[in-house]
$ cat my_file_32.pdb   # PDB, C-alpha atoms
ATOM      1  CA  MET A1172      32.365  40.636-101.583
ATOM      2  CA  PHE A1173      36.008  40.223-100.571
ATOM      3  CA  LYS A1174      37.695  43.181 -98.914
ATOM      4  CA  SER A1175      41.085  44.608 -99.816
ATOM      5  CA  ASN A1176      43.170  47.139 -97.929
ATOM      6  CA  TRP A1177      45.643  47.731-100.757
ATOM      7  CA  LYS A1178      45.164  49.326-104.172
ATOM      8  CA  GLY A1179      47.909  50.487-106.470
ATOM      9  CA  ASN A1180      49.816  49.868-109.697
ATOM     10  CA  ILE A1181      52.289  47.408-111.136
ATOM     11  CA  SER A1182      54.817  49.265-113.257
ATOM     12  CA  PHE A1183      57.299  47.863-115.764
ATOM     13  CA  GLY A1184      58.931  50.168-118.267
ATOM     14  CA  LEU A1185      56.316  52.778-119.150
ATOM     15  CA  VAL A1186      53.400  50.391-118.573
ATOM     16  CA  ASN A1187      51.153  50.744-115.511
ATOM     17  CA  VAL A1188      48.694  48.048-114.428
ATOM     18  CA  PRO A1189      46.054  49.227-111.915
ATOM     19  CA  ILE A1190      45.526  46.346-109.474
ATOM     20  CA  VAL A1191      43.824  45.405-106.219
ATOM     21  CA  LEU A1192      45.530  43.086-103.740
ATOM     22  CA  PHE A1193      43.558  40.232-102.147
ATOM     23  CA  ASN A1194      44.735  37.778 -99.529
ATOM     24  CA  SER A1195      44.952  34.256-100.949
ATOM     25  CA  ILE A1196      44.155  32.799 -97.512
ATOM     26  CA  ASP A1197      40.576  32.716 -96.242
ATOM     27  CA  PRO A1198      40.798  34.155 -92.702
ATOM     28  CA  SER A1199      37.614  32.334 -91.663
ATOM     29  CA  SER A1200      38.957  28.901 -92.607
ATOM     30  CA  GLY A1201      40.657  28.237 -89.266
ATOM     31  CA  ILE A1202      39.412  27.667 -85.730
ATOM     32  CA  SER A1203      40.204  30.414 -83.251
ATOM     33  CA  PHE A1204      40.053  30.222 -79.476
ATOM     34  CA  LYS A1205      39.393  33.012 -76.988
ATOM     35  CA  GLN A1206      41.106  33.452 -73.657
ATOM     36  CA  ILE A1207      38.629  33.023 -70.797
ATOM     37  CA  ASN A1208      38.627  32.983 -67.006
ATOM     38  CA  LYS A1209      38.965  29.381 -65.833
ATOM     39  CA  LYS A1210      36.558  29.976 -62.927
ATOM     40  CA  THR A1211      33.843  32.186 -64.435
ATOM     41  CA  LYS A1212      34.251  31.074 -68.089
ATOM     42  CA  SER A1213      33.989  34.745 -69.102
ATOM     43  CA  PRO A1214      36.123  36.252 -71.939
ATOM     44  CA  ILE A1215      39.257  38.130 -70.932
ATOM     45  CA  LYS A1216      39.474  41.829 -71.823
ATOM     46  CA  TYR A1217      42.731  43.726 -72.173
ATOM     47  CA  LYS A1218      43.072  47.374 -71.289
ATOM     48  CA  ARG A1219      45.460  49.866 -72.882
ATOM     49  CA  ILE A1220      47.300  51.191 -69.848
ATOM     50  CA  ASP A1221      49.763  54.101 -69.891
ATOM     51  CA  SER A1222      52.976  52.826 -68.285
ATOM     52  CA  LYS A1223      53.530  56.135 -66.468
ATOM     53  CA  THR A1224      50.054  57.267 -65.409
ATOM     54  CA  GLU A1225      48.685  53.695 -65.131
ATOM     55  CA  LYS A1226      45.423  54.990 -66.605
ATOM     56  CA  GLU A1227      43.504  53.470 -69.535
ATOM     57  CA  VAL A1228      44.110  55.188 -72.899
ATOM     58  CA  PRO A1229      41.280  55.466 -75.512
ATOM     59  CA  TRP A1230      41.996  54.265 -79.058
ATOM     60  CA  GLU A1231      41.824  57.795 -80.499
ATOM     61  CA  ASP A1232      44.806  58.835 -78.370
ATOM     62  CA  ILE A1233      47.043  55.959 -79.475
ATOM     63  CA  ILE A1234      49.663  56.400 -82.228
ATOM     64  CA  LYS A1235      52.702  54.436 -83.387
ATOM     65  CA  GLY A1236      56.077  54.880 -81.722
ATOM     66  CA  TYR A1237      59.596  53.829 -82.716
ATOM     67  CA  LYS A1238      61.899  52.726 -79.902
ATOM     68  CA  TYR A1239      65.172  54.480 -80.770
ATOM     69  CA  SER A1240      66.892  53.632 -77.471
ATOM     70  CA  GLN A1241      66.011  52.399 -74.006
ATOM     71  CA  ASP A1242      64.995  55.913 -72.925
ATOM     72  CA  LEU A1243      63.764  57.400 -76.199
ATOM     73  CA  ILE A1244      60.637  56.461 -78.182
ATOM     74  CA  LEU A1245      59.968  58.597 -81.264
ATOM     75  CA  PRO A1246      56.262  59.315 -81.911
ATOM     76  CA  VAL A1247      55.122  58.575 -85.463
ATOM     77  CA  GLU A1248      52.053  60.580 -86.450
ATOM     78  CA  GLU A1249      49.476  59.235 -88.907
ATOM     79  CA  GLY A1250      50.504  59.948 -92.491
ATOM     80  CA  GLU A1251      54.207  60.462 -91.767
ATOM     81  CA  LEU A1252      55.203  56.987 -92.989
ATOM     82  CA  LYS A1253      53.177  57.498 -96.190
ATOM     83  CA  ARG A1254      55.039  60.745 -96.844
ATOM     84  CA  VAL A1255      58.367  58.945 -96.304
ATOM     85  CA  ALA A1256      57.343  56.180 -98.731
ATOM     86  CA  GLY A1257      56.165  58.704-101.345
ATOM     87  CA  ASP A1258      55.066  57.183-104.654
ATOM     88  CA  ASN A1259      56.434  53.782-103.595
ATOM     89  CA  ALA A1260      53.581  53.389-101.096
ATOM     90  CA  ARG A1261      51.159  52.303-103.843
ATOM     91  CA  THR A1262      53.470  51.147-106.621
ATOM     92  CA  ILE A1263      54.930  47.721-107.291
ATOM     93  CA  ALA A1264      57.791  48.703-109.587
ATOM     94  CA  ILE A1265      59.323  45.683-111.336
ATOM     95  CA  GLU A1266      63.097  46.075-111.337
ATOM     96  CA  GLU A1267      64.020  42.942-113.311
ATOM     97  CA  PHE A1268      62.726  39.624-114.598
ATOM     98  CA  VAL A1269      64.163  36.228-113.663
ATOM     99  CA  ASP A1270      63.368  32.616-114.502
ATOM    100  CA  LYS A1271      60.429  31.293-112.508
ATOM    101  CA  LYS A1272      62.348  28.151-111.546
ATOM    102  CA  ASN A1273      64.833  30.286-109.582
ATOM    103  CA  ILE A1274      62.249  31.250-106.948
ATOM    104  CA  ASP A1275      62.917  29.008-103.960
ATOM    105  CA  PHE A1276      59.935  27.842-101.877
ATOM    106  CA  LEU A1277      62.004  28.673 -98.797
ATOM    107  CA  ARG A1278      61.822  32.382 -99.626
ATOM    108  CA  ILE A1279      58.024  32.601 -99.943
ATOM    109  CA  GLU A1280      56.426  34.314 -96.948
ATOM    110  CA  HIS A1281      52.904  35.000 -98.215
ATOM    111  CA  VAL A1282      50.837  34.954-101.415
ATOM    112  CA  TYR A1283      48.322  37.521-102.686
ATOM    113  CA  TYR A1284      46.016  37.457-105.688
ATOM    114  CA  LEU A1285      46.427  40.403-108.049
ATOM    115  CA  VAL A1286      43.116  41.485-109.589
ATOM    116  CA  PRO A1287      42.875  44.204-112.271
ATOM    117  CA  ASP A1288      41.262  47.438-111.120
ATOM    118  CA  LYS A1289      39.021  49.597-113.323
ATOM    119  CA  LYS A1290      40.279  49.835-116.928
ATOM    120  CA  GLY A1291      43.308  47.721-116.038
ATOM    121  CA  GLU A1292      42.272  44.533-117.835
ATOM    122  CA  LYS A1293      44.239  45.087-121.057
ATOM    123  CA  ALA A1294      47.589  45.827-119.384
ATOM    124  CA  TYR A1295      46.926  42.986-116.937
ATOM    125  CA  ILE A1296      46.445  40.484-119.793
ATOM    126  CA  ILE A1297      49.578  41.696-121.611
ATOM    127  CA  LEU A1298      51.770  41.249-118.519
ATOM    128  CA  ARG A1299      50.179  37.899-117.610
ATOM    129  CA  GLU A1300      50.566  36.370-121.066
ATOM    130  CA  ALA A1301      54.148  37.620-121.481
ATOM    131  CA  LEU A1302      55.192  36.139-118.112
ATOM    132  CA  LYS A1303      53.388  32.902-118.890
ATOM    133  CA  SER A1304      54.990  32.567-122.329
ATOM    134  CA  LEU A1305      58.543  33.268-121.105
ATOM    135  CA  ASN A1306      58.131  31.428-117.775
ATOM    136  CA  LYS A1307      59.499  34.487-115.990
ATOM    137  CA  VAL A1308      58.616  36.392-112.821
ATOM    138  CA  GLY A1309      58.992  40.085-112.131
ATOM    139  CA  ILE A1310      61.083  41.039-109.090
ATOM    140  CA  ALA A1311      59.900  44.155-107.266
ATOM    141  CA  LYS A1312      59.552  45.786-103.874
ATOM    142  CA  VAL A1313      56.203  46.587-102.271
ATOM    143  CA  ILE A1314      55.232  48.428 -99.094
ATOM    144  CA  ILE A1315      52.372  46.785 -97.205
ATOM    145  CA  SER A1316      51.360  48.323 -93.903
ATOM    146  CA  THR A1317      54.660  49.556 -92.410
ATOM    147  CA  LYS A1318      57.065  47.104 -94.041
ATOM    148  CA  GLU A1319      58.802  46.957 -97.412
ATOM    149  CA  TYR A1320      58.838  43.464 -98.895
ATOM    150  CA  LEU A1321      60.831  41.876-101.655
ATOM    151  CA  SER A1322      58.302  40.325-104.014
ATOM    152  CA  ALA A1323      57.813  38.337-107.197
ATOM    153  CA  ILE A1324      54.935  38.803-109.654
ATOM    154  CA  ALA A1325      54.078  35.602-111.496
ATOM    155  CA  SER A1326      51.340  34.122-113.658
ATOM    156  CA  TYR A1327      49.171  31.539-111.928
ATOM    157  CA  GLY A1328      46.951  29.090-113.769
ATOM    158  CA  GLU A1329      45.359  30.392-116.956
ATOM    159  CA  ASP A1330      43.933  33.743-115.856
ATOM    160  CA  ALA A1331      45.662  35.069-112.757
ATOM    161  CA  LEU A1332      48.654  37.050-111.604
ATOM    162  CA  VAL A1333      49.888  36.507-108.068
ATOM    163  CA  LEU A1334      52.248  38.381-105.800
ATOM    164  CA  TYR A1335      54.705  36.323-103.757
ATOM    165  CA  LEU A1336      56.100  38.163-100.740
ATOM    166  CA  LEU A1337      59.680  36.944-100.360
ATOM    167  CA  HIS A1338      62.107  36.897 -97.466
ATOM    168  CA  TYR A1339      65.245  38.967 -97.953
ATOM    169  CA  ASP A1340      68.452  36.979 -98.100
ATOM    170  CA  GLU A1341      69.563  38.268 -94.674
ATOM    171  CA  GLU A1342      66.325  37.002 -93.095
ATOM    172  CA  ILE A1343      66.888  33.376 -94.043
ATOM    173  CA  ARG A1344      69.045  31.154 -91.899
ATOM    174  CA  LYS A1345      71.914  29.589 -93.794
ATOM    175  CA  ILE A1346      71.715  25.837 -94.188
ATOM    176  CA  THR A1347      75.376  25.657 -93.144
ATOM    177  CA  GLU A1348      74.343  26.679 -89.617
ATOM    178  CA  PHE A1349      72.844  23.232 -89.062
ATOM    179  CA  ASP A1350      74.615  19.943 -88.432
ATOM    180  CA  LEU A1351      73.375  17.806 -91.329
ATOM    181  CA  PRO A1352      74.685  14.394 -92.465
ATOM    182  CA  ASN A1353      76.988  14.628 -95.508
ATOM    183  CA  ASN A1354      77.234  12.324 -98.558
ATOM    184  CA  ASN A1355      79.724   9.951 -96.958
ATOM    185  CA  PHE A1356      77.357   6.952 -96.898
ATOM    186  CA  LYS A1357      79.901   4.630 -95.277
ATOM    187  CA  GLN A1358      80.217   6.945 -92.299
ATOM    188  CA  TYR A1359      76.499   6.490 -91.600
ATOM    189  CA  LYS A1360      76.430   2.810 -92.685
ATOM    190  CA  VAL A1361      73.998   3.507 -95.545
ATOM    191  CA  SER A1362      74.095   1.043 -98.449
ATOM    192  CA  VAL A1363      73.178   1.660-102.106
ATOM    193  CA  LYS A1364      70.665  -1.197-101.842
ATOM    194  CA  GLU A1365      68.792   0.592 -99.063
ATOM    195  CA  ILE A1366      68.538   3.734-101.179
ATOM    196  CA  ASP A1367      67.314   1.654-104.165
ATOM    197  CA  VAL A1368      64.578   0.092-102.016
ATOM    198  CA  ALA A1369      63.559   3.590-100.826
ATOM    199  CA  LYS A1370      63.380   4.767-104.463
ATOM    200  CA  LYS A1371      61.133   1.819-105.383
ATOM    201  CA  LEU A1372      58.840   2.645-102.467
ATOM    202  CA  ILE A1373      58.685   6.296-103.532
ATOM    203  CA  ASN A1374      57.821   5.274-107.105
ATOM    204  CA  ALA A1375      55.114   2.932-105.827
ATOM    205  CA  MET A1376      53.597   5.731-103.716
ATOM    206  CA  SER A1377      53.879   8.387-106.429
ATOM    207  CA  ALA A1378      50.669   9.995-107.708
ATOM    208  CA  LYS A1379      49.416  13.017-109.592
ATOM    209  CA  TRP A1380      49.364  16.078-107.314
ATOM    210  CA  LYS A1381      45.746  16.789-106.303
ATOM    211  CA  PRO A1382      45.802  19.303-103.413
ATOM    212  CA  GLU A1383      41.993  19.309-103.144
ATOM    213  CA  LYS A1384      41.976  15.746-101.768
ATOM    214  CA  TYR A1385      43.892  16.818 -98.667
ATOM    215  CA  LYS A1386      41.693  18.133 -95.870
ATOM    216  CA  ASP A1387      42.464  19.610 -92.472
ATOM    217  CA  GLU A1388      41.626  16.514 -90.420
ATOM    218  CA  TYR A1389      42.653  18.139 -87.146
ATOM    219  CA  LYS A1390      40.222  21.023 -87.767
ATOM    220  CA  ARG A1391      37.417  18.534 -88.463
ATOM    221  CA  ALA A1392      38.244  16.589 -85.321
ATOM    222  CA  VAL A1393      38.180  19.783 -83.244
ATOM    223  CA  GLU A1394      34.830  20.845 -84.784
ATOM    224  CA  THR A1395      33.327  17.417 -83.998
ATOM    225  CA  TRP A1396      34.688  17.589 -80.451
ATOM    226  CA  LEU A1397      33.243  21.102 -79.977
ATOM    227  CA  LYS A1398      29.795  20.016 -81.235
ATOM    228  CA  ASP A1399      29.850  17.044 -78.896
ATOM    229  CA  LYS A1400      30.878  19.333 -76.028
ATOM    230  CA  ILE A1401      27.979  21.704 -76.800
ATOM    231  CA  ASN A1402      25.485  18.803 -76.951
ATOM    232  CA  HIS A1403      26.591  17.658 -73.503
ATOM    233  CA  LEU A1404      26.269  21.078 -71.852
ATOM    234  CA  PRO A1405      23.767  21.265 -68.950
ATOM    235  CA  GLN A1406      20.268  22.353 -70.015
ATOM    236  CA  THR A1407      20.452  25.524 -67.886
ATOM    237  CA  THR A1408      23.673  26.546 -69.604
ATOM    238  CA  MET A1409      22.130  26.056 -73.043
ATOM    239  CA  LYS A1410      19.052  28.137 -72.063
ATOM    240  CA  SER A1411      21.208  30.970 -70.801
ATOM    241  CA  ARG A1412      23.237  30.907 -74.010
ATOM    242  CA  VAL A1413      20.108  31.117 -76.187
ATOM    243  CA  SER A1414      18.538  33.920 -74.147
ATOM    244  CA  ALA A1415      21.815  35.850 -74.118
ATOM    245  CA  LYS A1416      21.865  36.001 -77.913
ATOM    246  CA  LYS A1417      18.267  36.943 -78.770
ATOM    247  CA  PRO A1418      14.917  36.046 -77.219
ATOM    248  CA  ARG A1419      13.095  33.657 -79.509
ATOM    249  CA  LYS A1420       9.419  32.772 -79.637
ATOM    250  CA  ILE A1421       9.006  29.171 -78.491
ATOM    251  CA  ILE A1422       6.570  27.231 -80.655
ATOM    252  CA  ASN A1423       4.447  24.695 -78.786
ATOM    253  CA  PHE A1424       4.148  21.932 -81.375
ATOM    254  CA  VAL A1425       1.804  19.897 -79.135
ATOM    255  CA  ASP A1426      -0.754  22.734 -79.158
ATOM    256  CA  LEU A1427      -0.370  23.135 -82.900
ATOM    257  CA  LEU A1428      -0.965  19.428 -83.465
ATOM    258  CA  LYS A1429      -4.030  19.434 -81.197
ATOM    259  CA  LYS A1430      -5.469  22.452 -82.989
ATOM    260  CA  SER A1431      -4.788  20.794 -86.351
ATOM    261  CA  LEU A1432      -6.526  17.637 -85.122
ATOM    262  CA  ASN A1433      -9.566  19.636 -83.951
ATOM    263  CA  VAL A1434      -9.798  21.388 -87.330
ATOM    264  CA  LYS A1435      -9.688  18.027 -89.076
ATOM    265  CA  LYS A1436     -12.464  16.670 -86.836
ATOM    266  CA  PHE A1437     -14.506  19.798 -87.369
ATOM    267  CA  ASN A1438     -14.350  19.346 -91.122
ATOM    268  CA  GLY A1439     -15.184  15.657 -90.861
ATOM    269  CA  LYS A1440     -17.867  13.435 -89.301
ATOM    270  CA  SER A1441     -17.064  14.363 -85.691
ATOM    271  CA  THR A1442     -18.512  17.872 -85.977
ATOM    272  CA  ASN A1443     -21.397  17.258 -83.556
ATOM    273  CA  LYS A1444     -19.135  15.728 -80.906
ATOM    274  CA  LEU A1445     -16.757  18.661 -81.175
ATOM    275  CA  VAL A1446     -19.596  21.199 -80.843
ATOM    276  CA  LYS A1447     -21.036  19.329 -77.852
ATOM    277  CA  LYS A1448     -17.633  19.200 -76.190
ATOM    278  CA  LYS A1449     -17.126  22.922 -76.734
ATOM    279  CA  SER A1450     -20.646  23.672 -75.399
ATOM    280  CA  TYR A1451     -20.020  21.547 -72.328
ATOM    281  CA  ARG A1452     -16.742  23.349 -71.640
ATOM    282  CA  SER A1453     -18.416  26.753 -72.080
ATOM    283  CA  ALA A1454     -21.292  25.868 -69.722
ATOM    284  CA  HIS A1455     -18.882  24.440 -67.166
ATOM    285  CA  THR A1456     -16.804  27.610 -67.328
ATOM    286  CA  ILE A1457     -19.904  29.810 -66.794
ATOM    287  CA  LYS A1458     -20.947  27.759 -63.743
ATOM    288  CA  GLU A1459     -17.486  28.093 -62.227
ATOM    289  CA  ALA A1460     -17.541  31.829 -62.820
ATOM    290  CA  ARG A1461     -20.919  32.162 -61.063
ATOM    291  CA  HIS A1462     -19.756  30.225 -58.034
TER     292      HIS A1462
END

$ encode --input "my_file_32.pdb" --output "C-alpha cells"
Amino acid sequence: MFKSNWKGNISFGLVNVPIVLFNSIDPSSGISFKQINKKTKSPIKYKRIDSKTEKEVPWEDIIKGYKYSQDLILPVEEGELKRVAGDNARTIAIEEFVDKKNIDFLRIEHVYYLVPDKKGEKAYIILREALKSLNKVGIAKVIISTKEYLSAIASYGEDALVLYLLHYDEEIRKITEFDLPNNNFKQYKVSVKEIDVAKKLINAMSAKWKPEKYKDEYKRAVETWLKDKINHLPQTTMKSRVSAKKPRKIINFVDLLKKSLNVKKFNGKSTNKLVKKKSYRSAHTIKEARH
C-alpha cells in the first residue's frame, strides 16, 4: 500500500472534500548511488557534530533552527510551526478558479495525486466533474512540510484530481534576463524557405503523443552495466557478499542426482548389484574399523 504523509481537506465555498495526498513519482524508479571509501569500498557514515562542543548529537536532541542573523539562530520546537499555520496546515482552500490553459508548464514544480478520504467520494466527484466540464482549475495555497506553496487543483483523465505545486511569480527568472535572438530574420540570415523546410520536417516527424513508449534508456544501460560488473566480481568477493547477507544452505546437486540414480536402480533390475555393493562397502568398513 502506498504511504502518504499528508491528509486534509479541499475547501471551496462551504464544500469540504476530505483527501489524501500521494506523490505522483515512484521513489523507487530511479537508481541511487552511495558514497563509499575508495580504498576500503565501505559506505561512508556522517555524524551529527555540535559545532561548539565537537561532540556527536543523538537524533532525539536535534530540533529545527532559523538563522535570523550571523550570530543568532532561533530554536523552533516541534509543533510551533503547526500552531503558526493554524487551520491552514491541513486545508487546501481554493481562492479562485481560472482557465486550465492559463497554467504554464514553467510554473509546475511537482505533481500529487488527490485521493478521496473516508466519506469524501461524493464531494470529490462533484468537484472533479465541475472542473472537467468547465475546463477550469482551482487556485489555492497549501502548506507541505515547512513551506507554503501556490497550487492548482485540476481534473486528470476520467477519474482523478491532481494537485500541481506551482512556483510563485518571484521565484521564476524572467525571460528578458536572457540574450535571445529576436524576430529580425535578416539579422541572423534566416530565410523563409529554411523555416518552411523545418516545418515540413516537423510535420513528417509528427505523431500521436504516447508517453509510455519512451523509456529511461540511461537507467537501463546503468542496470546492465551494474549486472555485468557484479558477474565479473572475484569469487571471494561474491562469497563474502552472500555470507554477509544471510547464511544459506548449499544444496549439493551432485549428491542429489546420485541418490536419485541409486533409488531408480533399487526399484529396477539392478537391485541385486546395489545390495551387493552396499554389503561390500559395509564389510570393508567393518574390517577397517577392526584394524

$ axis_aligned_box --input "my_file_32.pdb" --around "range 1294-1310 of chain A" --padding-each-side "5 Å" --output "lines of an AutoDock Vina configuration file"
center_x = 53.8
center_y = 38.6
center_z = -115.7
size_x = 24.6
size_y = 24.4
size_z = 23.2

$ closest_residue --input "my_file_32.pdb" --among "A:Val1188, A:Ile1220, A:Ala1264, A:Ala1311" --to "Leu1336 in chain A" --atoms "all atoms listed in the file"
A:Ala1311

$ resolve_selection --input "my_file_32.pdb" --expression "the PyMOL selection byres ((chain A and resi 1271) around 6)" --output "PyMOL selection string"
chain A and resi 1270+1272-1274+1306-1308

$ write_last_selection --input "my_file_32.pdb" --atoms "C-alpha atoms" --output "PDB file, in the frame of the given file"
ATOM      1  CA  ASP A1270      63.368  32.616-114.502  1.00  0.00           C
ATOM      2  CA  LYS A1272      62.348  28.151-111.546  1.00  0.00           C
ATOM      3  CA  ASN A1273      64.833  30.286-109.582  1.00  0.00           C
ATOM      4  CA  ILE A1274      62.249  31.250-106.948  1.00  0.00           C
ATOM      5  CA  ASN A1306      58.131  31.428-117.775  1.00  0.00           C
ATOM      6  CA  LYS A1307      59.499  34.487-115.990  1.00  0.00           C
ATOM      7  CA  VAL A1308      58.616  36.392-112.821  1.00  0.00           C
TER       8      VAL A1308
END

$ resolve_selection --input "my_file_32.pdb" --expression "the PyMOL selection byres ((chain A and resi 1247) around 10)" --output "number ranges by chain"
A: 1234-1237, 1244-1246, 1248-1252

$ residues_around --input "my_file_32.pdb" --residues "Asp1387 in chain A" --least-positions-apart "5" --cutoff "12 Å" --atoms "all atoms listed in the file" --output "ChimeraX atom specification"
/A:1200-1202,1382,1392-1394

$ residues_around --input "my_file_32.pdb" --residues "Ala1325 in chain A" --least-positions-apart "4" --cutoff "7 Å" --atoms "only C-alpha atoms" --output "list in words"
Leu1302, Val1308, Gly1309, Leu1332, Val1333 and Leu1334 of chain A

$ residues_around --input "my_file_32.pdb" --residues "Glu1329 in chain A" --least-positions-apart "5" --cutoff "9 Å" --atoms "only C-alpha atoms" --output "MDAnalysis selection string"
chainID A and resid 1299:1300 1303

$ residues_near_point --input "my_file_32.pdb" --point "(66.7, 32.4, -103.0)" --cutoff "10 Å" --atoms "all atoms listed in the file" --output "list of chain:residue names"
A:Asn1273, A:Ile1274, A:Asp1275, A:Phe1276, A:Leu1277, A:Arg1278, A:Ile1279, A:Leu1337, A:His1338, A:Tyr1339, A:Asp1340, A:Ile1343

$ resolve_selection --input "my_file_32.pdb" --expression "the PyMOL selection byres ((chain A and resi 1180) around 8)" --output "MDAnalysis selection string"
chainID A and resid 1178:1179 1181:1182 1187:1190 1261:1263

$ atom_distance --input "my_file_32.pdb" --atom1 "CA of Leu1397 in chain A" --atom2 "CA of Lys1205 in chain A"
13.7 Å

$ atom_distance --input "my_file_32.pdb" --atom1 "CA of Ile1315 in chain A" --atom2 "CA of Ala1260 in chain A"
7.8 Å

$ residues_around --input "my_file_32.pdb" --residues "Pro1214 in chain A" --least-positions-apart "5" --cutoff "12 Å" --atoms "only C-alpha atoms" --output "list in words"
Phe1204, Lys1205, Gln1206, Ile1207, Asn1208 and Lys1209 of chain A

$ closest_residue --input "my_file_32.pdb" --among "A:Lys1290, A:Lys1174, A:Lys1400, A:Arg1219" --to "Pro1198 in chain A" --atoms "all atoms listed in the file"
A:Lys1174

$ closest_residue --input "my_file_32.pdb" --among "A:Lys1210, A:Lys1379, A:Lys1312, A:Lys1318" --to "Glu1266 in chain A" --atoms "all atoms listed in the file"
A:Lys1312

$ atom_distance --input "my_file_32.pdb" --atom1 "CA of Leu1321 in chain A" --atom2 "CA of Val1282 in chain A"
12.2 Å

$ closest_residue --input "my_file_32.pdb" --among "A:Ile1297, A:Met1376, A:Ile1310, A:Leu1285" --to "Tyr1327 in chain A" --atoms "all atoms listed in the file"
A:Leu1285
